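What follows is a single structure, written as structure tokens, with notes after it.
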Amino acid sequence: MTSDNRIIADFSIPPELSDHRLDQAAAELMPEHSRSRLQTWIRSGALTVNSEQRKPRDKVMMGDQLHLDAEPEAQVTWQAESITLDIVYEDEHLLVINKPAGLVVHPAAGHADGTLVNALLHYAPEVENLPRAGIVHRLDKDTSGVMVVARSLIAHTSLVDQLQTRTMGREYEAVAIGTMTGGATVDAPIGRHPRERKKMGVVPSGKPAVTHYRVLERFAAHTFIHCKLESGRTHQIRVHLAHVRHPLVGDQMYGGRPRLPKGSTETLRTMLAGFQRQALHARTLTLDHPETGETLSWSVPLPEDMQNLLAALRQHVQDVKNNAL
């Protein structure tokens, strides 16, 4: 149930969150809200368990019913900034943008301004009253492509639900290192890396994560691929592709050294060495409109840097063929 002037949500505690603290379980189920705000709602009785008020540290068990009924309030304290946005679609509920590589989504340590949130607060001030300024999913700083922002509580509740039920479709295109023989599915749990805390990794204790990929085009030592997510873990595509030993070109965290195909020209060597961001682009986003229920889909073209990378890889293949004649 949603309301224009209240935040209303219901959840059942799944097996993996049984015996967790209430505030920890709530944070897992409602990641769009900060832990401190969830604790405030628990203490005030806005967030209940089996219709009873509890304390943040109280344990929950599988099957417990969480109910949230809270009033919205200004959620952010960041400053609005006039930053150009590439808007793909907008109405009173949704704002769909084409995010460029290099744009940070949320203000954080080292990125207090110049972020997508700062731009949203200037373009659509109403997002100030929504959790995380209406952002329900994010793209890494150096990942380009399409993403949706909620502009109303109705939209926020609907989009979060679509993400949790995996009915929102997100498709990506990427350039991976190595020549793949065909498509496959990577089904491997992702969690915090045990030694390098800034990284994610495939770990037994991680959250379930599934990535499907198929080959779009093969080159001498690289592959252009299409990826589709069943889950939305941090750095998921980057971690999964590195796990199967096909890291993304330019991935400074998971990619390792560039791979130069035999007979590389100076142009290709320069292109591969100079590609300093993961070659990953969110191509298509599909969702149900929060008010009308209509299924909508948007696709945005590859940015210039990835187009140039593919052009250089194609030219190398052609050069090799010509030299073999």
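To be explicit about the labels: the chains of the structure tokens are called A, B, and onward in the order shown, and within each one the residues are counted from 1, while ligands get numbers from 1 in the order they are shown.
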Which residues, written as a list in words, have at least one atom at most 8 Å from Asp140 in chain A, with only C-alpha atoms counted and residues fewer than 2 positions away on the same chain left out? Val104, Val105, Arg138, Asp142, Thr143 and His235 of chain A
Please report, as a tab-separated table, each residue of range 261-325 of chain A lying at most 12 Å from range 150-155 of chain A, together with the nearest pair of atoms and the separation in Å rounded to one decimal; use only C-alpha atoms, and order rows by chain and ascending residue number.
residue	atom	partner	partner_atom	distance
A:Leu287	CA	A:Ala155	CA	11.1
A:Asp288	CA	A:Ala155	CA	10.1
A:His289	CA	A:Ala155	CA	8.0
A:Pro290	CA	A:Ala155	CA	5.2
A:Glu291	CA	A:Ala155	CA	7.5
A:Thr292	CA	A:Ala155	CA	10.8
A:Gly293	CA	A:Ala155	CA	11.0
Create the file for the chosen residues now, containing N, CA and C atoms and written as a short mmCIF file (atom, residue, chain, number, x, y, z; two decimals), in the first residue's frame.
data_model
loop_
_atom_site.label_atom_id
_atom_site.label_comp_id
_atom_site.auth_asym_id
_atom_site.auth_seq_id
_atom_site.Cartn_x
_atom_site.Cartn_y
_atom_site.Cartn_z
N LEU A 287 10.75 -1.31 -16.77
CA LEU A 287 10.01 -1.33 -15.51
C LEU A 287 8.54 -1.07 -15.77
N ASP A 288 7.74 -1.31 -14.72
CA ASP A 288 6.32 -1.02 -14.79
C ASP A 288 6.08 0.37 -14.19
N HIS A 289 5.36 1.20 -14.91
CA HIS A 289 5.11 2.55 -14.42
C HIS A 289 4.35 2.49 -13.09
N PRO A 290 4.82 3.22 -12.09
CA PRO A 290 4.22 3.11 -10.75
C PRO A 290 2.76 3.53 -10.65
N GLU A 291 2.30 4.35 -11.57
CA GLU A 291 0.90 4.80 -11.52
C GLU A 291 0.02 4.04 -12.50
N THR A 292 0.48 3.89 -13.74
CA THR A 292 -0.37 3.28 -14.78
C THR A 292 -0.19 1.77 -14.89
N GLY A 293 0.96 1.25 -14.42
CA GLY A 293 1.25 -0.17 -14.56
C GLY A 293 1.78 -0.54 -15.93
#
Once DSSP has gone over the backbone, tell me which residues of range 181-273 of chain A are in strand (DSSP E or B), as a ChimeraX atom specification. /A:184-187,190-192,200-202,207,210-218,222-229,248
Would you save the residues from that selection as an mmCIF file, in the first residue's frame, using N, CA and C atoms?
data_model
loop_
_atom_site.group_PDB
_atom_site.id
_atom_site.type_symbol
_atom_site.label_atom_id
_atom_site.label_comp_id
_atom_site.auth_asym_id
_atom_site.auth_seq_id
_atom_site.Cartn_x
_atom_site.Cartn_y
_atom_site.Cartn_z
ATOM 1 N N ALA A 184 27.065 -17.633 -20.833
ATOM 2 C CA ALA A 184 26.923 -18.492 -19.662
ATOM 3 C C ALA A 184 26.225 -17.714 -18.553
ATOM 4 N N THR A 185 26.018 -18.381 -17.451
ATOM 5 C CA THR A 185 25.446 -17.760 -16.257
ATOM 6 C C THR A 185 26.432 -17.916 -15.116
ATOM 7 N N VAL A 186 26.685 -16.823 -14.408
ATOM 8 C CA VAL A 186 27.521 -16.871 -13.209
ATOM 9 C C VAL A 186 26.590 -16.769 -12.010
ATOM 10 N N ASP A 187 26.555 -17.834 -11.226
ATOM 11 C CA ASP A 187 25.727 -17.897 -10.023
ATOM 12 C C ASP A 187 26.673 -18.068 -8.851
ATOM 13 N N ILE A 190 28.094 -12.847 -3.574
ATOM 14 C CA ILE A 190 29.010 -11.705 -3.503
ATOM 15 C C ILE A 190 28.919 -11.047 -2.133
ATOM 16 N N GLY A 191 30.085 -10.765 -1.569
ATOM 17 C CA GLY A 191 30.160 -10.077 -0.285
ATOM 18 C C GLY A 191 31.433 -9.263 -0.213
ATOM 19 N N ARG A 192 31.660 -8.646 0.929
ATOM 20 C CA ARG A 192 32.869 -7.844 1.113
ATOM 21 C C ARG A 192 34.099 -8.731 1.017
ATOM 22 N N MET A 200 34.699 -5.902 -3.402
ATOM 23 C CA MET A 200 33.759 -6.995 -3.216
ATOM 24 C C MET A 200 34.398 -8.251 -3.808
ATOM 25 N N GLY A 201 33.837 -9.395 -3.489
ATOM 26 C CA GLY A 201 34.389 -10.636 -4.022
ATOM 27 C C GLY A 201 33.370 -11.759 -3.942
ATOM 28 N N VAL A 202 33.664 -12.853 -4.613
ATOM 29 C CA VAL A 202 32.838 -14.052 -4.493
ATOM 30 C C VAL A 202 33.264 -14.761 -3.213
ATOM 31 N N LYS A 207 25.906 -12.558 -0.417
ATOM 32 C CA LYS A 207 24.501 -12.606 -0.807
ATOM 33 C C LYS A 207 24.364 -13.240 -2.186
ATOM 34 N N VAL A 210 23.295 -13.477 -9.363
ATOM 35 C CA VAL A 210 23.243 -14.204 -10.634
ATOM 36 C C VAL A 210 23.387 -13.213 -11.791
ATOM 37 N N THR A 211 24.340 -13.489 -12.671
ATOM 38 C CA THR A 211 24.570 -12.676 -13.863
ATOM 39 C C THR A 211 24.538 -13.576 -15.091
ATOM 40 N N HIS A 212 23.720 -13.230 -16.069
ATOM 41 C CA HIS A 212 23.692 -13.940 -17.349
ATOM 42 C C HIS A 212 24.457 -13.103 -18.373
ATOM 43 N N TYR A 213 25.270 -13.745 -19.181
ATOM 44 C CA TYR A 213 25.937 -12.993 -20.243
ATOM 45 C C TYR A 213 25.940 -13.794 -21.538
ATOM 46 N N ARG A 214 25.945 -13.061 -22.646
ATOM 47 C CA ARG A 214 26.044 -13.701 -23.963
ATOM 48 C C ARG A 214 26.988 -12.878 -24.835
ATOM 49 N N VAL A 215 27.573 -13.543 -25.791
ATOM 50 C CA VAL A 215 28.570 -12.917 -26.647
ATOM 51 C C VAL A 215 27.884 -12.122 -27.761
ATOM 52 N N LEU A 216 28.313 -10.877 -27.921
ATOM 53 C CA LEU A 216 27.841 -10.051 -29.032
ATOM 54 C C LEU A 216 28.856 -10.021 -30.167
ATOM 55 N N GLU A 217 30.143 -10.013 -29.813
ATOM 56 C CA GLU A 217 31.189 -9.918 -30.834
ATOM 57 C C GLU A 217 32.521 -10.367 -30.226
ATOM 58 N N ARG A 218 33.277 -11.169 -30.972
ATOM 59 C CA ARG A 218 34.584 -11.637 -30.506
ATOM 60 C C ARG A 218 35.698 -10.931 -31.249
ATOM 61 N N HIS A 222 39.698 -10.088 -26.879
ATOM 62 C CA HIS A 222 38.650 -9.441 -26.104
ATOM 63 C C HIS A 222 37.286 -9.893 -26.611
ATOM 64 N N THR A 223 36.246 -9.655 -25.816
ATOM 65 C CA THR A 223 34.894 -10.040 -26.202
ATOM 66 C C THR A 223 33.906 -8.947 -25.787
ATOM 67 N N PHE A 224 33.047 -8.582 -26.719
ATOM 68 C CA PHE A 224 31.969 -7.628 -26.463
ATOM 69 C C PHE A 224 30.764 -8.448 -26.029
ATOM 70 N N ILE A 225 30.223 -8.173 -24.838
ATOM 71 C CA ILE A 225 29.173 -9.018 -24.286
ATOM 72 C C ILE A 225 27.960 -8.215 -23.832
ATOM 73 N N HIS A 226 26.841 -8.930 -23.726
ATOM 74 C CA HIS A 226 25.595 -8.411 -23.175
ATOM 75 C C HIS A 226 25.381 -9.110 -21.837
ATOM 76 N N CYS A 227 25.038 -8.346 -20.795
ATOM 77 C CA CYS A 227 24.821 -8.910 -19.466
ATOM 78 C C CYS A 227 23.423 -8.563 -18.965
ATOM 79 N N LYS A 228 22.812 -9.510 -18.283
ATOM 80 C CA LYS A 228 21.515 -9.276 -17.661
ATOM 81 C C LYS A 228 21.579 -9.744 -16.216
ATOM 82 N N LEU A 229 21.080 -8.902 -15.317
ATOM 83 C CA LEU A 229 21.168 -9.199 -13.890
ATOM 84 C C LEU A 229 19.877 -9.805 -13.361
ATOM 85 N N LEU A 248 36.745 -6.906 -16.881
ATOM 86 C CA LEU A 248 36.414 -5.877 -17.859
ATOM 87 C C LEU A 248 37.635 -5.040 -18.209
#
Can you tell me which residues surround range 312-319 of chain A at a distance of at most 9 Å, considering only C-alpha atoms, apart from same-chain residues fewer than 6 positions away, and format the answer as a list in words? Phe219, Ala220, Ala221, His222, Pro261, Gly263, Ser264, Thr265, Thr267, Leu268 and Met271 of chain A
How close does each residue of range 64-172 of chain A get to range 26-43 of chain A, giving the shortest atom pair and distance in Å to one decimal for every residue with an atom at most 9 Å away, counting only C-alpha atoms, sorted by chain and residue number, as a Markdown table?
| residue | atom | partner | partner_atom | distance |
| --- | --- | --- | --- | --- |
| A:Leu66 | CA | A:Ala26 | CA | 8.3 |
| A:Leu68 | CA | A:Trp41 | CA | 8.1 |
| A:Asp69 | CA | A:Trp41 | CA | 8.8 |
| A:Ala70 | CA | A:Trp41 | CA | 7.3 |
| A:Pro131 | CA | A:His33 | CA | 5.8 |
| A:Arg132 | CA | A:Glu32 | CA | 6.4 |
| A:Gly134 | CA | A:Glu32 | CA | 8.7 |
| A:Ile135 | CA | A:Glu32 | CA | 7.8 |
| A:Val136 | CA | A:Glu32 | CA | 6.3 |
| A:His137 | CA | A:Glu32 | CA | 8.5 |
| A:Val160 | CA | A:Glu32 | CA | 8.0 |
| A:Gln164 | CA | A:Leu29 | CA | 8.6 |
Could you pull the residues within 10 Å of Glu71 in chain A, counting only C-alpha atoms, minus those fewer than 5 positions along the same chain, as a PDB file with N, CA and C atoms, in the first residue's frame?
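Wrote it out as selection-v9.pdb, contents follow:
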ATOM      1  N   ASN A   5       1.349  10.860   1.009  1.00  0.00           N
ATOM      2  CA  ASN A   5       1.983  11.592   2.098  1.00  0.00           C
ATOM      3  C   ASN A   5       2.489  10.713   3.232  1.00  0.00           C
ATOM      4  N   ARG A   6       2.649   9.409   2.963  1.00  0.00           N
ATOM      5  CA  ARG A   6       3.208   8.519   3.984  1.00  0.00           C
ATOM      6  C   ARG A   6       4.101   7.474   3.315  1.00  0.00           C
ATOM      7  N   ILE A   7       5.036   6.954   4.091  1.00  0.00           N
ATOM      8  CA  ILE A   7       5.871   5.850   3.619  1.00  0.00           C
ATOM      9  C   ILE A   7       5.326   4.586   4.266  1.00  0.00           C
ATOM     10  N   ILE A   8       4.775   3.706   3.466  1.00  0.00           N
ATOM     11  CA  ILE A   8       4.140   2.481   3.974  1.00  0.00           C
ATOM     12  C   ILE A   8       4.771   1.273   3.295  1.00  0.00           C
ATOM     13  N   TRP A  41      12.595   5.179  13.475  1.00  0.00           N
ATOM     14  CA  TRP A  41      11.245   4.668  13.232  1.00  0.00           C
ATOM     15  C   TRP A  41      10.914   3.514  14.170  1.00  0.00           C
ATOM     16  N   ALA A  46       6.889   3.583  14.531  1.00  0.00           N
ATOM     17  CA  ALA A  46       6.477   3.647  13.120  1.00  0.00           C
ATOM     18  C   ALA A  46       6.797   2.345  12.405  1.00  0.00           C
TER      19      ALA A  46
END
Kindly indicate which residue among A:Lys55, A:His281, A:Lys141, A:Lys321 lies nearest to Val175 in chain A, using only C-alpha atoms for the distances. A:His281
Would you tabulate, counting only C-alpha atoms, all residues of range 29-59 of chain A that have an atom at most 10 Å from an atom of range 12-17 of chain A, showing the closest pair of atoms and their distance in Å to one decimal, sorted by chain then ascending number, as a Markdown table?
| residue | atom | partner | partner_atom | distance |
| --- | --- | --- | --- | --- |
| A:Leu29 | CA | A:Ile13 | CA | 8.5 |
| A:Val49 | CA | A:Ser12 | CA | 9.5 |
| A:Asn50 | CA | A:Ser12 | CA | 9.7 |
| A:Lys59 | CA | A:Leu17 | CA | 9.7 |
How would the residues just chosen look if you wrote them out with N, CA and C atoms as a PDB file, in the first residue's frame?
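Result went into selection.pdb, see below:
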ATOM      1  N   LEU A  29      16.394  -5.221   4.375  1.00  0.00           N
ATOM      2  CA  LEU A  29      15.144  -5.237   3.617  1.00  0.00           C
ATOM      3  C   LEU A  29      14.810  -3.890   2.997  1.00  0.00           C
ATOM      4  N   VAL A  49       6.957  -4.945  14.654  1.00  0.00           N
ATOM      5  CA  VAL A  49       7.130  -6.367  14.368  1.00  0.00           C
ATOM      6  C   VAL A  49       5.910  -7.102  14.894  1.00  0.00           C
ATOM      7  N   ASN A  50       5.197  -7.761  14.008  1.00  0.00           N
ATOM      8  CA  ASN A  50       3.966  -8.472  14.392  1.00  0.00           C
ATOM      9  C   ASN A  50       3.020  -7.545  15.152  1.00  0.00           C
ATOM     10  N   LYS A  59      15.926  -9.199  18.621  1.00  0.00           N
ATOM     11  CA  LYS A  59      16.097 -10.165  17.538  1.00  0.00           C
ATOM     12  C   LYS A  59      14.762 -10.446  16.846  1.00  0.00           C
TER      13      LYS A  59
END
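Using only C-alpha atoms, the nearest neighbour of Val149 in chain A within the list A:Ala273, A:Val249, A:Leu310, A:Leu121 is A:Leu121.
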